[in-house]
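Here's the structure we're looking at; comments come further down.
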Amino acid sequence: MSKRVNAGFNLKFMILLLLCSLLTGCWDRMEIEERAVVLGISIDSAGKDAEIREDEISHLRGKYPAPKQEMIQLSVQIALPGRIPLGPGEGGASGEGAQETVWVLDVVGHTVDDAMMNLQQQISGKLFFGHLRVIVVSEEFARKGMENLNDYLHRNAEVRRMAWLMVSKGKARELMEAAPKLERVPALYLSSTLDDAVKHGKFPSDYIGTFWNNSSKKGQEGFLPYIQIMKGDNVEISGMAFFKGATLVGVTKPFEIAGYLVIKGISPAGYRGIIHVGDDSQVVTIHATNRESEIKVDIKNGLPHFTITAVTEVNVEEKNTETLPLNNSHILEEIARENERSVKELMLGLIQKTQKKESDIFGFGELVRARKPSYWNSHVKTADQWSEIYKNTTFDFRVTSKVRRVGMKAE
């Protein structure tokens with residue numbers, strides 16, 4: 001009898017122990033007031049006096065030597081509790097209050113993590129990256145290589161893959177303190193600028209997760225938005241910054257972004273262009289509305305040869321003279337032919353620019369891997385080898401342009 005009682009008691013005791021494991025509650029909770037919410041990060045190369053400005057937080061000078069590499073200046077944009085507007089309020093979205101909604105801090109360090117430790121020493125709350133929206137690096141820093149930054153962000157589980165990583169012309173820190181008129185929070189303005197550019201066909205969707213994914217492929221390189229701050233703290237997307245590995249090797253012109261979008265067949269289309277009709281005095285402005293493309297690969301003379309077939313649809317936006325009859329089918333055909341010629345030149349020029357830098361941002365190498373696996377396995381094999389082969393690949397372009405609309409005005 002006693003054995004049955006003991007067995008029943010032991011069973012109940014074990015069940016209670018198991019139930020206790022389900023009643024732990026939020027044992028690792030951290031109140032929002034205890035967090036320093038980081039909205040944006042910028043990284044620049046530090047000046048010559050960086051070591052003088054550095055405090056001995058992560059190491060002692062002479063005893064625990066730091067890495068022998070150029071130091072960086074890291075700036076963070078931290079949200080001030082209760083100051084971020086949650087909706088339209090009195091005064092609307094005005095740049096006048098931008099400095100009241102965020103707190104910008106600067107530190108120096110030998111690595112990104114070293115700089116973050118120096119920053120944490122100055123802040124009572126724990127740095128939190130769950131709401132990080134933008135990371136801006138200067139062109140100078142990116143040309144020296146971003147291996148350390150990519151590694152740090154990769155390992156941080158709080159960093160979302162939908163954040164924007166971008167390269168700035170000039171100092172990246174200036175973008176942390178910009179006060180744009182359309183948004184009270186600079187980081188949110190930068191993020192929404194790029195989100196809207198994707199929606200309006202001005203830039204491909206290229207979040208930080210996409211950049212890392214492309215950079216890790218054997219037959220493709222990554223690219224990032226190239227931005228610069230303008231008068232009035234406005235921000236312009238000034239091109240695409242393309243990479244070889246983790247190192248920035250080149251920058252496109254703003255209009256060359258359209259060439260990338262045509263090659264990849266990304267819609268909606270959002271760029272406008274000027275077309276000459278007849279003599280140089282007669283021009284029309286056209287607006288691309290839709291794109292489609294197909295890429296085929298063959299092996300010719302031991303090298304990959306790509307045929308890019310693209311279809312673009314355009315609308316006529318304006319003309320500079322009343323003597324140009326847009327109800328004439330021959331005029332519309334001439335506009336289409338001239339657009340086809342200019343699109344071919346645009347695509348060829350962009351591809352040649354990336355070939356010189358051995359940066360296949362289009363993923364032509366991945367197309368070879370997928371459709372010509374025997375050639376890849378016998379002649380390419382590695383990302384470095386594809387970079388060499390990409391310089392000498394050849395292309396054919398077959399572009400068709402269709403004029404869909406000429407506007408409501410009667411001719």
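In the structure tokens, the first chain shown is A, the next is B, and so on; residue numbers restart at 1 for each chain, and ligands run from 1 in the order shown.
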
Please identify all polymer residues within 7 Å of Lys171 in chain A, counting only C-alpha atoms, omitting same-chain residues fewer than 3 positions from it, and present them as a ChimeraX atom specification. /A:44,138,168,174

Output C-alpha atoms for every residue in the selection just made, as a tab-separated table (two decimals), in the first residue's frame.
chain	number	residue	atom	x	y	z
A	44	ASP	CA	32.73	57.07	-41.90
A	138	SER	CA	30.41	56.74	-46.79
A	168	SER	CA	26.57	58.15	-49.37
A	174	GLU	CA	25.41	64.33	-42.33

Long-range neighbours of Gly363 in chain A as a compact mmCIF listing (two decimals) with all heavy atoms, in the first residue's frame, 12 Å cut-off, only C-alpha atoms, 5 positions minimum in chain:
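selection.txt was written with the following content:
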# COMPACT_ATOMS: atom_id res chain seq x y z
N ASN A 213 22.47 38.38 -49.85
CA ASN A 213 22.19 37.18 -50.63
C ASN A 213 22.92 37.21 -51.97
O ASN A 213 23.56 36.23 -52.36
CB ASN A 213 20.68 37.07 -50.85
CG ASN A 213 20.29 35.80 -51.58
OD1 ASN A 213 20.79 34.71 -51.28
ND2 ASN A 213 19.40 35.91 -52.53
N ASN A 214 22.86 38.35 -52.67
CA ASN A 214 23.54 38.46 -53.97
C ASN A 214 25.05 38.39 -53.81
O ASN A 214 25.75 37.79 -54.64
CB ASN A 214 23.15 39.76 -54.66
CG ASN A 214 21.70 39.76 -55.12
OD1 ASN A 214 21.09 38.71 -55.28
ND2 ASN A 214 21.14 40.94 -55.31
N SER A 215 25.59 39.00 -52.76
CA SER A 215 27.04 39.02 -52.55
C SER A 215 27.59 37.64 -52.23
O SER A 215 28.78 37.38 -52.44
CB SER A 215 27.39 39.99 -51.41
OG SER A 215 27.00 41.31 -51.72
N SER A 216 26.74 36.76 -51.71
CA SER A 216 27.20 35.42 -51.34
C SER A 216 27.17 34.43 -52.50
O SER A 216 27.68 33.32 -52.40
CB SER A 216 26.34 34.87 -50.19
OG SER A 216 25.00 34.67 -50.62
N LYS A 217 26.58 34.83 -53.63
CA LYS A 217 26.47 33.93 -54.78
C LYS A 217 27.78 33.88 -55.56
O LYS A 217 28.55 34.84 -55.58
CB LYS A 217 25.34 34.39 -55.71
CG LYS A 217 23.96 34.31 -55.08
CD LYS A 217 22.90 34.88 -56.02
CE LYS A 217 21.52 34.82 -55.40
NZ LYS A 217 20.49 35.42 -56.28
N LYS A 218 28.01 32.76 -56.23
CA LYS A 218 29.23 32.61 -57.02
C LYS A 218 29.16 33.36 -58.34
O LYS A 218 30.19 33.76 -58.88
CB LYS A 218 29.49 31.12 -57.30
CG LYS A 218 29.84 30.31 -56.06
CD LYS A 218 30.13 28.87 -56.43
CE LYS A 218 30.52 28.06 -55.19
NZ LYS A 218 30.80 26.64 -55.53
N GLY A 219 27.94 33.56 -58.85
CA GLY A 219 27.79 34.18 -60.15
C GLY A 219 27.10 35.52 -60.12
O GLY A 219 26.47 35.91 -61.11
N GLN A 220 27.20 36.24 -59.02
CA GLN A 220 26.54 37.54 -58.92
C GLN A 220 27.21 38.37 -57.84
O GLN A 220 27.74 37.84 -56.86
CB GLN A 220 25.05 37.39 -58.61
CG GLN A 220 24.26 38.68 -58.73
CD GLN A 220 22.76 38.45 -58.72
OE1 GLN A 220 22.28 37.32 -58.70
NE2 GLN A 220 21.99 39.53 -58.75
N GLU A 221 27.17 39.69 -58.03
CA GLU A 221 27.69 40.63 -57.02
C GLU A 221 26.54 41.51 -56.54
O GLU A 221 25.49 41.60 -57.16
CB GLU A 221 28.80 41.50 -57.62
CG GLU A 221 30.01 40.73 -58.11
CD GLU A 221 30.86 40.14 -57.00
OE1 GLU A 221 30.56 40.41 -55.81
OE2 GLU A 221 31.82 39.41 -57.30
N GLY A 222 26.78 42.18 -55.42
CA GLY A 222 25.76 43.03 -54.84
C GLY A 222 25.88 44.48 -55.27
O GLY A 222 26.91 44.92 -55.77
N PHE A 223 24.81 45.22 -55.06
CA PHE A 223 24.82 46.67 -55.31
C PHE A 223 23.95 47.32 -54.23
O PHE A 223 23.12 46.67 -53.58
CB PHE A 223 24.30 47.00 -56.71
CG PHE A 223 22.86 46.63 -56.93
CD1 PHE A 223 21.84 47.53 -56.65
CD2 PHE A 223 22.52 45.38 -57.43
CE1 PHE A 223 20.51 47.18 -56.84
CE2 PHE A 223 21.20 45.03 -57.63
CZ PHE A 223 20.19 45.93 -57.33
N TYR A 260 19.50 48.99 -65.77
CA TYR A 260 19.44 47.78 -64.95
C TYR A 260 18.01 47.24 -64.90
O TYR A 260 17.77 46.03 -65.03
CB TYR A 260 19.95 48.07 -63.55
CG TYR A 260 19.86 46.88 -62.61
CD1 TYR A 260 20.92 45.98 -62.51
CD2 TYR A 260 18.72 46.65 -61.85
CE1 TYR A 260 20.82 44.88 -61.66
CE2 TYR A 260 18.62 45.56 -61.00
CZ TYR A 260 19.67 44.68 -60.91
OH TYR A 260 19.59 43.59 -60.08
N ILE A 263 17.09 45.49 -68.17
CA ILE A 263 17.75 44.19 -68.30
C ILE A 263 17.05 43.13 -67.44
O ILE A 263 16.84 42.00 -67.86
CB ILE A 263 19.24 44.30 -67.93
CG1 ILE A 263 19.97 45.14 -68.98
CG2 ILE A 263 19.88 42.91 -67.82
CD1 ILE A 263 21.39 45.49 -68.60
N LYS A 264 16.66 43.53 -66.23
CA LYS A 264 16.01 42.59 -65.31
C LYS A 264 14.50 42.50 -65.54
O LYS A 264 13.84 41.65 -64.93
CB LYS A 264 16.29 43.01 -63.87
CG LYS A 264 17.76 43.05 -63.51
CD LYS A 264 18.41 41.67 -63.54
CE LYS A 264 17.99 40.82 -62.38
NZ LYS A 264 18.72 39.53 -62.35
N ILE A 295 16.36 36.61 -70.90
CA ILE A 295 17.80 36.47 -71.12
C ILE A 295 18.11 35.01 -71.45
O ILE A 295 17.74 34.11 -70.70
CB ILE A 295 18.61 36.92 -69.88
CG1 ILE A 295 18.23 38.34 -69.48
CG2 ILE A 295 20.11 36.83 -70.15
CD1 ILE A 295 18.88 38.81 -68.19
N VAL A 297 21.28 32.25 -72.73
CA VAL A 297 22.73 32.10 -72.71
C VAL A 297 23.15 30.95 -73.61
O VAL A 297 22.52 29.89 -73.63
CB VAL A 297 23.24 31.88 -71.26
CG1 VAL A 297 22.59 30.66 -70.62
CG2 VAL A 297 24.76 31.75 -71.23
N PHE A 306 25.27 36.11 -74.21
CA PHE A 306 23.91 36.36 -73.72
C PHE A 306 23.11 37.15 -74.74
O PHE A 306 23.61 38.10 -75.34
CB PHE A 306 23.95 37.14 -72.40
CG PHE A 306 24.67 36.41 -71.29
CD1 PHE A 306 26.02 36.62 -71.07
CD2 PHE A 306 23.99 35.52 -70.48
CE1 PHE A 306 26.67 35.96 -70.04
CE2 PHE A 306 24.63 34.86 -69.46
CZ PHE A 306 25.98 35.06 -69.24
N ILE A 351 26.48 47.57 -68.86
CA ILE A 351 27.15 46.27 -68.77
C ILE A 351 28.65 46.42 -68.91
O ILE A 351 29.44 45.82 -68.16
CB ILE A 351 26.58 45.30 -69.82
CG1 ILE A 351 25.16 44.89 -69.45
CG2 ILE A 351 27.47 44.05 -69.95
CD1 ILE A 351 24.45 44.05 -70.49
N THR A 354 30.27 47.65 -65.71
CA THR A 354 30.43 46.62 -64.68
C THR A 354 31.46 45.57 -65.09
O THR A 354 32.13 44.99 -64.23
CB THR A 354 29.09 45.93 -64.38
OG1 THR A 354 28.57 45.31 -65.58
CG2 THR A 354 28.07 46.95 -63.88
N VAL A 368 24.36 31.11 -66.01
CA VAL A 368 25.26 30.08 -66.56
C VAL A 368 25.25 28.85 -65.66
O VAL A 368 25.19 27.71 -66.13
CB VAL A 368 26.68 30.64 -66.71
CG1 VAL A 368 27.64 29.54 -67.17
CG2 VAL A 368 26.71 31.80 -67.70
N ARG A 369 25.31 29.06 -64.36
CA ARG A 369 25.29 27.92 -63.41
C ARG A 369 24.03 27.09 -63.57
O ARG A 369 24.06 25.86 -63.48
CB ARG A 369 25.36 28.43 -61.98
CG ARG A 369 26.71 28.94 -61.53
CD ARG A 369 26.67 29.31 -60.05
NE ARG A 369 26.50 28.13 -59.22
CZ ARG A 369 26.16 28.16 -57.94
NH1 ARG A 369 25.90 29.31 -57.34
NH2 ARG A 369 26.07 27.05 -57.24
N ALA A 370 22.89 27.78 -63.79
CA ALA A 370 21.61 27.08 -63.85
C ALA A 370 21.39 26.38 -65.19
O ALA A 370 20.87 25.26 -65.22
CB ALA A 370 20.48 28.07 -63.58
N ALA A 383 33.77 31.94 -57.78
CA ALA A 383 33.36 33.32 -58.00
C ALA A 383 34.49 34.14 -58.61
O ALA A 383 34.25 34.99 -59.48
CB ALA A 383 32.90 33.94 -56.68
N TRP A 386 34.71 33.40 -62.27
CA TRP A 386 33.63 34.02 -63.04
C TRP A 386 33.90 35.51 -63.24
O TRP A 386 33.59 36.07 -64.29
CB TRP A 386 32.28 33.83 -62.37
CG TRP A 386 31.20 34.62 -63.05
CD1 TRP A 386 30.51 35.68 -62.55
CD2 TRP A 386 30.75 34.45 -64.40
NE1 TRP A 386 29.64 36.19 -63.49
CE2 TRP A 386 29.76 35.45 -64.64
CE3 TRP A 386 31.07 33.57 -65.43
CZ2 TRP A 386 29.10 35.57 -65.86
CZ3 TRP A 386 30.42 33.69 -66.65
CH2 TRP A 386 29.46 34.68 -66.86
N SER A 387 34.48 36.18 -62.27
CA SER A 387 34.81 37.60 -62.41
C SER A 387 35.74 37.82 -63.59
O SER A 387 35.61 38.81 -64.33
CB SER A 387 35.44 38.13 -61.12
OG SER A 387 34.54 38.05 -60.05
N TYR A 390 33.70 37.08 -66.86
CA TYR A 390 32.65 38.08 -67.11
C TYR A 390 33.19 39.26 -67.91
O TYR A 390 32.45 39.85 -68.72
CB TYR A 390 32.07 38.55 -65.77
CG TYR A 390 31.03 39.64 -65.92
CD1 TYR A 390 29.87 39.43 -66.65
CD2 TYR A 390 31.21 40.88 -65.31
CE1 TYR A 390 28.90 40.43 -66.79
CE2 TYR A 390 30.25 41.88 -65.43
CZ TYR A 390 29.11 41.65 -66.17
OH TYR A 390 28.15 42.64 -66.30

Between A:Pro204, A:Gln122, A:Glu183, A:Leu39, which has the minimum distance to Val136 in chain A (counting only C-alpha atoms)? A:Leu39

d(CA of Ile78 in chain A, CA of Val102 in chain A) in Å: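 For CA of Ile78 in chain A relative to CA of Val102 in chain A, the distance reads 5.4 Å.
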
Have a look at A:Arg337, A:Lys296, A:His330, A:Arg143 and name the one nearest to Gly365 in chain A; count only C-alpha atoms. A:Lys296

Give the answer as one residue: which of A:Leu224, A:Val137, A:Leu194, A:Ile72 has the shortest atom-to-atom distance to Glu236 in chain A, using only C-alpha atoms?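 Using only C-alpha atoms, the shortest distance to Glu236 in chain A belongs to A:Leu194.
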
Between CA of Gly40 in chain A and CA of Ile361 in chain A, what is the distance, to one decimal in Å?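 One can read the CA of Gly40 in chain A to CA of Ile361 in chain A distance as 26.1 Å.
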
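Going from CA of Gly265 in chain A to CA of Ala288 in chain A covers 12.1 Å.
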
Counting only C-alpha atoms, what is within 7 Å of Gly239 in chain A, bar same-chain residues fewer than 6 positions away, as an NGL selection string? :A and (225-226 or 251-254 or 257)

Output N, CA and C atoms for every residue in the selection just made, as a PDB file, in the first residue's frame.
ATOM      1  N   PRO A 225      21.983  51.377 -52.999  1.00  0.00           N
ATOM      2  CA  PRO A 225      21.637  52.751 -53.426  1.00  0.00           C
ATOM      3  C   PRO A 225      22.793  53.701 -53.130  1.00  0.00           C
ATOM      4  N   TYR A 226      23.053  54.600 -54.054  1.00  0.00           N
ATOM      5  CA  TYR A 226      24.082  55.632 -53.881  1.00  0.00           C
ATOM      6  C   TYR A 226      23.348  56.956 -53.733  1.00  0.00           C
ATOM      7  N   VAL A 251      30.344  53.301 -59.354  1.00  0.00           N
ATOM      8  CA  VAL A 251      29.052  53.963 -59.146  1.00  0.00           C
ATOM      9  C   VAL A 251      28.466  54.324 -60.510  1.00  0.00           C
ATOM     10  N   THR A 252      27.184  54.088 -60.703  1.00  0.00           N
ATOM     11  CA  THR A 252      26.518  54.428 -61.955  1.00  0.00           C
ATOM     12  C   THR A 252      25.965  55.853 -61.888  1.00  0.00           C
ATOM     13  N   LYS A 253      25.519  56.342 -63.053  1.00  0.00           N
ATOM     14  CA  LYS A 253      24.768  57.581 -63.102  1.00  0.00           C
ATOM     15  C   LYS A 253      23.307  57.287 -62.742  1.00  0.00           C
ATOM     16  N   PRO A 254      22.548  58.305 -62.305  1.00  0.00           N
ATOM     17  CA  PRO A 254      21.148  58.047 -61.932  1.00  0.00           C
ATOM     18  C   PRO A 254      20.328  57.393 -63.048  1.00  0.00           C
ATOM     19  N   ILE A 257      20.308  53.551 -63.778  1.00  0.00           N
ATOM     20  CA  ILE A 257      19.457  52.641 -63.012  1.00  0.00           C
ATOM     21  C   ILE A 257      18.367  52.077 -63.911  1.00  0.00           C
TER      22      ILE A 257
END

With only C-alpha atoms as the counted atoms, please give the residues lying no more than 12 Å from Ile266 in chain A, apart from itself and same-chain residues fewer than 5 positions off, as a ChimeraX atom specification. /A:198-205,257-261,288-294,310-312

Counting only C-alpha atoms, which residue out of A:Asn234, A:Asn118, A:Thr193, A:Gln69 sits closest to Met166 in chain A?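 Looking at the shortest contact to Met166 in chain A, the residue is A:Thr193.
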
Would you return as a compact mmCIF listing (two decimals) with C-alpha atoms, in the first residue's frame the members of range 105-251 of chain A that DSSP assigns to strand (DSSP E or B) on this structure's backbone?
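New file result.txt:
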# COMPACT_ATOMS: atom_id res chain seq x y z
CA LEU A 105 25.78 60.39 -30.88
CA ASP A 106 29.29 59.90 -32.31
CA VAL A 107 32.02 57.50 -31.27
CA VAL A 108 35.20 56.12 -32.77
CA GLY A 109 36.52 52.57 -32.75
CA LYS A 126 20.79 48.90 -23.70
CA LEU A 127 21.21 49.52 -27.43
CA PHE A 128 18.32 47.91 -29.30
CA VAL A 134 18.82 52.55 -42.33
CA ILE A 135 22.59 52.00 -42.31
CA VAL A 136 24.56 54.60 -44.24
CA VAL A 137 28.24 54.16 -45.09
CA SER A 138 30.41 56.74 -46.79
CA TRP A 164 18.15 49.64 -46.04
CA LEU A 165 21.92 49.71 -46.43
CA MET A 166 23.15 52.58 -48.60
CA VAL A 167 26.32 54.38 -49.70
CA SER A 168 26.57 58.15 -49.37
CA PHE A 223 24.82 46.67 -55.31
CA LEU A 224 23.40 49.38 -53.04
CA PRO A 225 21.64 52.75 -53.43
CA TYR A 226 24.08 55.63 -53.88
CA ILE A 227 22.67 58.77 -52.28
CA GLN A 228 23.69 62.31 -51.58
CA ILE A 229 22.25 65.08 -49.45
CA VAL A 235 18.07 63.28 -50.41
CA GLU A 236 18.74 62.26 -54.02
CA ILE A 237 19.26 58.72 -55.30
CA SER A 238 22.32 59.44 -57.44
CA GLY A 239 22.94 55.97 -58.84
CA MET A 240 23.82 52.40 -57.94
CA ALA A 241 26.98 51.59 -55.97
CA PHE A 242 28.19 48.22 -57.24
CA PHE A 243 30.56 45.89 -55.44
CA LYS A 244 33.06 43.15 -55.95
CA THR A 247 34.39 46.27 -51.67
CA LEU A 248 32.81 49.14 -53.57
CA VAL A 249 34.31 49.29 -57.07
CA GLY A 250 32.07 51.66 -59.02
CA VAL A 251 29.05 53.96 -59.15

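With distances restricted to only C-alpha atoms, A:Gly349 is the closest residue to Glu256 in chain A from A:Asn327, A:Pro304, A:Leu182, A:Gly349.
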
What's around Val284 in chain A at 7 Å? Count only C-alpha atoms, leave out sequence neighbours fewer than 4 positions away in its own chain, and write the answer as a PyMOL selection string. chain A and resi 274-276+316+318-320
